[in-house]
file data_21.pdb (PDB, C-alpha atoms and all ligand atoms)
MODEL        1
ATOM      1  CA  MET A 187     -12.090 -20.158   3.212
ATOM      2  CA  LYS A 188      -9.415 -18.664   1.021
ATOM      3  CA  SER A 189      -7.057 -16.132   2.501
ATOM      4  CA  ARG A 190      -6.237 -12.840   0.845
ATOM      5  CA  VAL A 191      -2.792 -14.177   0.042
ATOM      6  CA  GLN A 192      -4.320 -17.164  -1.752
ATOM      7  CA  TYR A 193      -6.620 -14.882  -3.771
ATOM      8  CA  ALA A 194      -3.714 -12.648  -4.677
ATOM      9  CA  LEU A 195      -1.568 -15.601  -5.718
ATOM     10  CA  GLU A 196      -4.343 -16.942  -7.914
ATOM     11  CA  GLN A 197      -4.696 -13.587  -9.576
ATOM     12  CA  LEU A 198      -0.995 -13.524 -10.357
ATOM     13  CA  LYS A 199      -1.197 -17.049 -11.788
ATOM     14  CA  ASP A 200      -4.133 -15.984 -13.967
ATOM     15  CA  MET A 201      -1.944 -13.190 -15.311
ATOM     16  CA  GLY A 202       0.692 -15.777 -16.189
ATOM     17  CA  VAL A 203       3.033 -14.583 -13.450
ATOM     18  CA  ARG A 204       5.211 -17.240 -11.871
ATOM     19  CA  VAL A 205       4.953 -17.203  -8.078
ATOM     20  CA  THR A 206       8.487 -17.419  -6.751
ATOM     21  CA  PRO A 207       9.239 -17.791  -3.029
ATOM     22  CA  GLN A 208      10.428 -14.167  -2.925
ATOM     23  CA  ARG A 209       7.299 -12.942  -4.656
ATOM     24  CA  HIS A 210       5.210 -14.926  -2.202
ATOM     25  CA  ALA A 211       7.122 -13.492   0.766
ATOM     26  CA  ILE A 212       6.823  -9.868  -0.403
ATOM     27  CA  LEU A 213       3.114 -10.232  -0.994
ATOM     28  CA  THR A 214       2.540 -11.915   2.368
ATOM     29  CA  TYR A 215       4.559  -9.233   4.121
ATOM     30  CA  LEU A 216       2.452  -6.492   2.534
ATOM     31  CA  LEU A 217      -0.833  -8.188   3.293
ATOM     32  CA  ASP A 218       0.163  -8.813   6.908
ATOM     33  CA  SER A 219       1.608  -5.412   7.663
ATOM     34  CA  HIS A 220      -0.430  -2.322   8.349
ATOM     35  CA  THR A 221       2.579  -0.058   8.454
ATOM     36  CA  HIS A 222       2.579   1.043   4.788
ATOM     37  CA  PRO A 223       6.200   0.023   4.281
ATOM     38  CA  THR A 224       8.652   1.464   1.762
ATOM     39  CA  ALA A 225      10.443  -0.875  -0.661
ATOM     40  CA  ASP A 226      13.530  -0.484   1.493
ATOM     41  CA  GLU A 227      11.702  -1.545   4.651
ATOM     42  CA  ILE A 228      10.344  -4.611   2.881
ATOM     43  CA  TYR A 229      13.824  -5.409   1.653
ATOM     44  CA  ARG A 230      15.339  -5.077   5.135
ATOM     45  CA  ALA A 231      12.620  -7.247   6.681
ATOM     46  CA  LEU A 232      12.987 -10.058   4.149
ATOM     47  CA  SER A 233      16.662 -10.017   3.207
ATOM     48  CA  PRO A 234      17.791 -12.213   6.141
ATOM     49  CA  LYS A 235      15.610 -14.967   4.716
ATOM     50  CA  PHE A 236      16.386 -14.288   1.044
ATOM     51  CA  VAL A 237      20.064 -13.450   0.905
ATOM     52  CA  SER A 238      20.123 -13.214  -2.891
ATOM     53  CA  MET A 239      17.262 -10.717  -2.970
ATOM     54  CA  SER A 240      18.033  -7.097  -3.921
ATOM     55  CA  VAL A 241      16.110  -3.870  -3.445
ATOM     56  CA  ALA A 242      15.572  -3.913  -7.216
ATOM     57  CA  THR A 243      13.823  -7.279  -6.899
ATOM     58  CA  VAL A 244      11.494  -5.797  -4.317
ATOM     59  CA  TYR A 245      10.785  -2.803  -6.564
ATOM     60  CA  ASN A 246      10.082  -4.960  -9.601
ATOM     61  CA  ASN A 247       7.704  -7.138  -7.635
ATOM     62  CA  LEU A 248       5.909  -4.129  -6.188
ATOM     63  CA  LYS A 249       5.464  -2.772  -9.723
ATOM     64  CA  LEU A 250       3.998  -6.098 -10.750
ATOM     65  CA  PHE A 251       1.593  -6.134  -7.786
ATOM     66  CA  ILE A 252       0.448  -2.604  -8.627
ATOM     67  CA  GLU A 253      -0.210  -3.641 -12.237
ATOM     68  CA  ALA A 254      -2.160  -6.628 -10.948
ATOM     69  CA  GLY A 255      -4.251  -4.314  -8.805
ATOM     70  CA  LEU A 256      -3.146  -5.985  -5.572
ATOM     71  CA  VAL A 257      -1.265  -3.078  -4.044
ATOM     72  CA  ARG A 258      -1.548   0.700  -3.983
ATOM     73  CA  GLU A 259       1.422   3.026  -4.209
ATOM     74  CA  LEU A 260       1.302   6.018  -1.882
ATOM     75  CA  THR A 261       3.239   9.118  -2.838
ATOM     76  CA  TYR A 262       3.275  11.852  -0.260
ATOM     77  CA  GLY A 263       5.870  14.205  -1.632
ATOM     78  CA  ASP A 264       8.899  12.639   0.031
ATOM     79  CA  ASP A 265      11.355  10.602  -1.995
ATOM     80  CA  SER A 266      10.231   7.100  -1.029
ATOM     81  CA  SER A 267       6.888   5.643  -2.033
ATOM     82  CA  ARG A 268       4.976   3.572   0.474
ATOM     83  CA  PHE A 269       2.847   0.580  -0.322
ATOM     84  CA  ASP A 270      -0.588  -0.416   0.924
ATOM     85  CA  ALA A 271      -2.258  -3.769   0.262
ATOM     86  CA  ASP A 272      -5.477  -2.551   1.878
ATOM     87  CA  LEU A 273      -7.487  -1.508  -1.177
ATOM     88  CA  SER A 274     -10.617  -0.502   0.707
ATOM     89  CA  ASP A 275     -11.641   3.160   0.687
ATOM     90  CA  HIS A 276      -9.743   4.784   3.500
ATOM     91  CA  TYR A 277      -7.629   7.801   4.317
ATOM     92  CA  HIS A 278      -4.268   8.255   5.958
ATOM     93  CA  ALA A 279      -3.062  10.305   8.891
ATOM     94  CA  ILE A 280       0.664  10.961   8.495
ATOM     95  CA  CYS A 281       3.060  11.771  11.323
ATOM     96  CA  GLU A 282       5.282  14.693  10.400
ATOM     97  CA  GLN A 283       7.934  13.525  12.826
ATOM     98  CA  CYS A 284       8.397   9.790  12.258
ATOM     99  CA  GLY A 285       6.464   9.303   9.019
ATOM    100  CA  LYS A 286       4.074   6.762  10.496
ATOM    101  CA  ILE A 287       0.861   6.325   8.490
ATOM    102  CA  VAL A 288      -2.366   5.391  10.261
ATOM    103  CA  ASP A 289      -5.568   4.370   8.455
ATOM    104  CA  PHE A 290      -8.887   6.011   9.119
ATOM    105  CA  ASP A 291     -12.262   5.986   7.467
ATOM    106  CA  TYR A 292     -14.530   8.914   6.686
ATOM    107  CA  PRO A 293     -17.369   7.720   4.425
ATOM    108  CA  LYS A 294     -19.093  11.126   4.559
ATOM    109  CA  LEU A 295     -16.484  12.424   2.159
ATOM    110  CA  SER A 296     -17.710  10.256  -0.729
ATOM    111  CA  ASP A 297     -20.187  13.068  -1.459
ATOM    112  CA  VAL A 298     -17.306  15.254  -2.535
ATOM    113  CA  GLU A 299     -16.899  13.364  -5.813
ATOM    114  CA  GLN A 300     -20.512  13.914  -6.791
ATOM    115  CA  THR A 301     -20.311  17.584  -5.855
ATOM    116  CA  ALA A 302     -17.105  17.969  -7.855
ATOM    117  CA  ALA A 303     -18.652  16.195 -10.855
ATOM    118  CA  GLN A 304     -21.645  18.533 -10.787
ATOM    119  CA  ALA A 305     -19.570  21.661 -10.311
ATOM    120  CA  SER A 306     -16.904  20.865 -12.904
ATOM    121  CA  GLY A 307     -18.665  18.662 -15.428
ATOM    122  CA  PHE A 308     -15.820  16.164 -14.971
ATOM    123  CA  VAL A 309     -16.206  12.425 -14.947
ATOM    124  CA  VAL A 310     -14.656  12.120 -11.505
ATOM    125  CA  ARG A 311     -12.520   9.020 -11.017
ATOM    126  CA  GLY A 312     -11.289   9.519  -7.508
ATOM    127  CA  HIS A 313      -9.912  11.823  -4.885
ATOM    128  CA  ARG A 314      -7.182  11.832  -2.309
ATOM    129  CA  MET A 315      -6.887  13.369   1.085
ATOM    130  CA  GLU A 316      -4.463  12.948   3.916
ATOM    131  CA  VAL A 317      -4.192  14.445   7.344
ATOM    132  CA  TYR A 318      -0.879  15.612   8.812
ATOM    133  CA  GLY A 319       0.112  15.862  12.441
ATOM    134  CA  ILE A 320       2.108  14.271  15.239
ATOM    135  CA  CYS A 321       1.376  10.626  16.141
ATOM    136  CA  LYS A 322       0.628   9.385  19.657
ATOM    137  CA  SER A 323       4.067   7.984  20.362
ATOM    138  CA  CYS A 324       5.879  11.063  19.011
ATOM    139  CA  SER A 325       3.705  13.472  20.976
ATOM    140  CA  SER A 326       4.291  11.584  24.245
ATOM    141  CA  LYS A 327       8.091  11.855  23.913
TER     142      LYS A 327
HETATM  143 ZN    ZN B 401       5.349   9.827  14.874
HETATM  144 MN    MN B 402      -3.718   2.414   4.386
ENDMDL
END
call {"tool": "encode", "arguments": {"input": "data_21.pdb", "output": "structure tokens", "more": "lines below"}}
Ligand code: ZN
Ligand code: MN
result
Amino acid sequence: MKSRVQYALEQLKDMGVRVTPQRHAILTYLLDSHTHPTADEIYRALSPKFVSMSVATVYNNLKLFIEAGLVRELTYGDDSSRFDADLSDHYHAICEQCGKIVDFDYPKLSDVEQTAAQASGFVVRGHRMEVYGICKSCSSK
């Protein structure tokens, strides 16, 4: 069975994108992590292994992955975007103290798009929602 990384790499190859070791490492890191890292966090995690890699390299690769539909960019009002390789429908709970993002599912909310379409006459393409609070480890400090 093919792994998600293999699928993603094939998709990049189909787009005519060369898969460099750095590109491979960034993609693998994103697919393996559930922490919704920033570009800077990815850079810090991988730079010991790729000494010639810069933050700009990470950014450019993330842009490429977004264009390829492999990664989602999360913007929550602060200055640094976070990145999520989990493309399934899910929501995020965000810790106001440490910034941790935890996934949760709430399928009931899919009705909201239909309701909005009926009420507004829009062709609804999506919606976003996030929940804010204090995470478990911050609240036990
Ligand atoms: Zn926290
Ligand atoms: Mn997520």
call {"tool": "residues_near_ligand", "arguments": {"input": "data_21.pdb", "ligand": "ligand ZN 401 (chain B)", "cutoff": "12 Å", "atoms": "all atoms listed in the file", "output": "ChimeraX atom specification"}}
result
/A:279-288,318-327
call {"tool": "closest_atom_pairs", "arguments": {"input": "data_21.pdb", "of": "chain A", "to": "ligand MN 402 (chain B)", "cutoff": "8 Å", "atoms": "all atoms listed in the file", "output": "tab-separated table"}}
result
residue	atom	partner	partner_atom	distance
A:His220	CA	B:MN402	MN	7.0
A:Thr221	CA	B:MN402	MN	7.9
A:His222	CA	B:MN402	MN	6.5
A:Asp270	CA	B:MN402	MN	5.5
A:Ala271	CA	B:MN402	MN	7.6
A:Asp272	CA	B:MN402	MN	5.8
A:Leu273	CA	B:MN402	MN	7.8
A:His276	CA	B:MN402	MN	6.5
A:Tyr277	CA	B:MN402	MN	6.7
A:His278	CA	B:MN402	MN	6.1
A:Ile287	CA	B:MN402	MN	7.3
A:Val288	CA	B:MN402	MN	6.7
A:Asp289	CA	B:MN402	MN	4.9
A:Phe290	CA	B:MN402	MN	7.9
call {"tool": "resolve_selection", "arguments": {"input": "data_21.pdb", "expression": "the PyMOL selection byres (((chain A and resi 254) around 10) and not hetatm)", "output": "list of chain:residue names"}}
result
A:Ala194, A:Gln197, A:Leu198, A:Met201, A:Val203, A:Leu248, A:Lys249, A:Leu250, A:Phe251, A:Ile252, A:Glu253, A:Gly255, A:Leu256, A:Val257
call {"tool": "resolve_selection", "arguments": {"input": "data_21.pdb", "expression": "the PyMOL selection byres (((chain A and resi 269) around 6) and not hetatm)", "output": "ChimeraX atom specification"}}
result
/A:222-223,258-260,268,270
call {"tool": "closest_residue", "arguments": {"input": "data_21.pdb", "among": "A:Lys188, A:Lys294, A:Arg311, A:Arg209", "to": "Ile228 (chain A)", "atoms": "only C-alpha atoms"}}
result
A:Arg209
call {"tool": "closest_residue", "arguments": {"input": "data_21.pdb", "among": "A:Gly307, A:Ile212, A:Pro207, A:Asp264", "to": "Arg230 (chain A)", "atoms": "only C-alpha atoms"}}
result
A:Ile212
call {"tool": "axis_aligned_box", "arguments": {"input": "data_21.pdb", "around": "region 263-278 of chain A", "padding_each_side": "3 Å", "output": "lines of an AutoDock Vina configuration file"}}
result
center_x = -0.1
center_y = 5.2
center_z = 2.0
size_x = 29.0
size_y = 24.0
size_z = 14.0
call {"tool": "closest_residue", "arguments": {"input": "data_21.pdb", "among": "A:Thr214, A:Ser219, A:Gln208, A:Ser306", "to": "Pro234 (chain A)", "atoms": "all atoms listed in the file"}}
result
A:Gln208
call {"tool": "closest_residue", "arguments": {"input": "data_21.pdb", "among": "A:Leu216, A:Thr206, A:Asp275, A:Leu195", "to": "Thr243 (chain A)", "atoms": "all atoms listed in the file"}}
result
A:Thr206
call {"tool": "atom_distance", "arguments": {"input": "data_21.pdb", "atom1": "CA of Asp218 (chain A)", "atom2": "CA of Gly312 (chain A)"}}
result
26.0 Å
call {"tool": "atom_distance", "arguments": {"input": "data_21.pdb", "atom1": "CA of Ala242 (chain A)", "atom2": "CA of Glu316 (chain A)"}}
result
28.5 Å
call {"tool": "closest_residue", "arguments": {"input": "data_21.pdb", "among": "A:Ser189, A:His313, A:Phe236, A:Tyr262", "to": "Gln300 (chain A)", "atoms": "all atoms listed in the file"}}
result
A:His313
call {"tool": "atom_distance", "arguments": {"input": "data_21.pdb", "atom1": "CA of Ser266 (chain A)", "atom2": "CA of Ala225 (chain A)"}}
result
8.0 Å
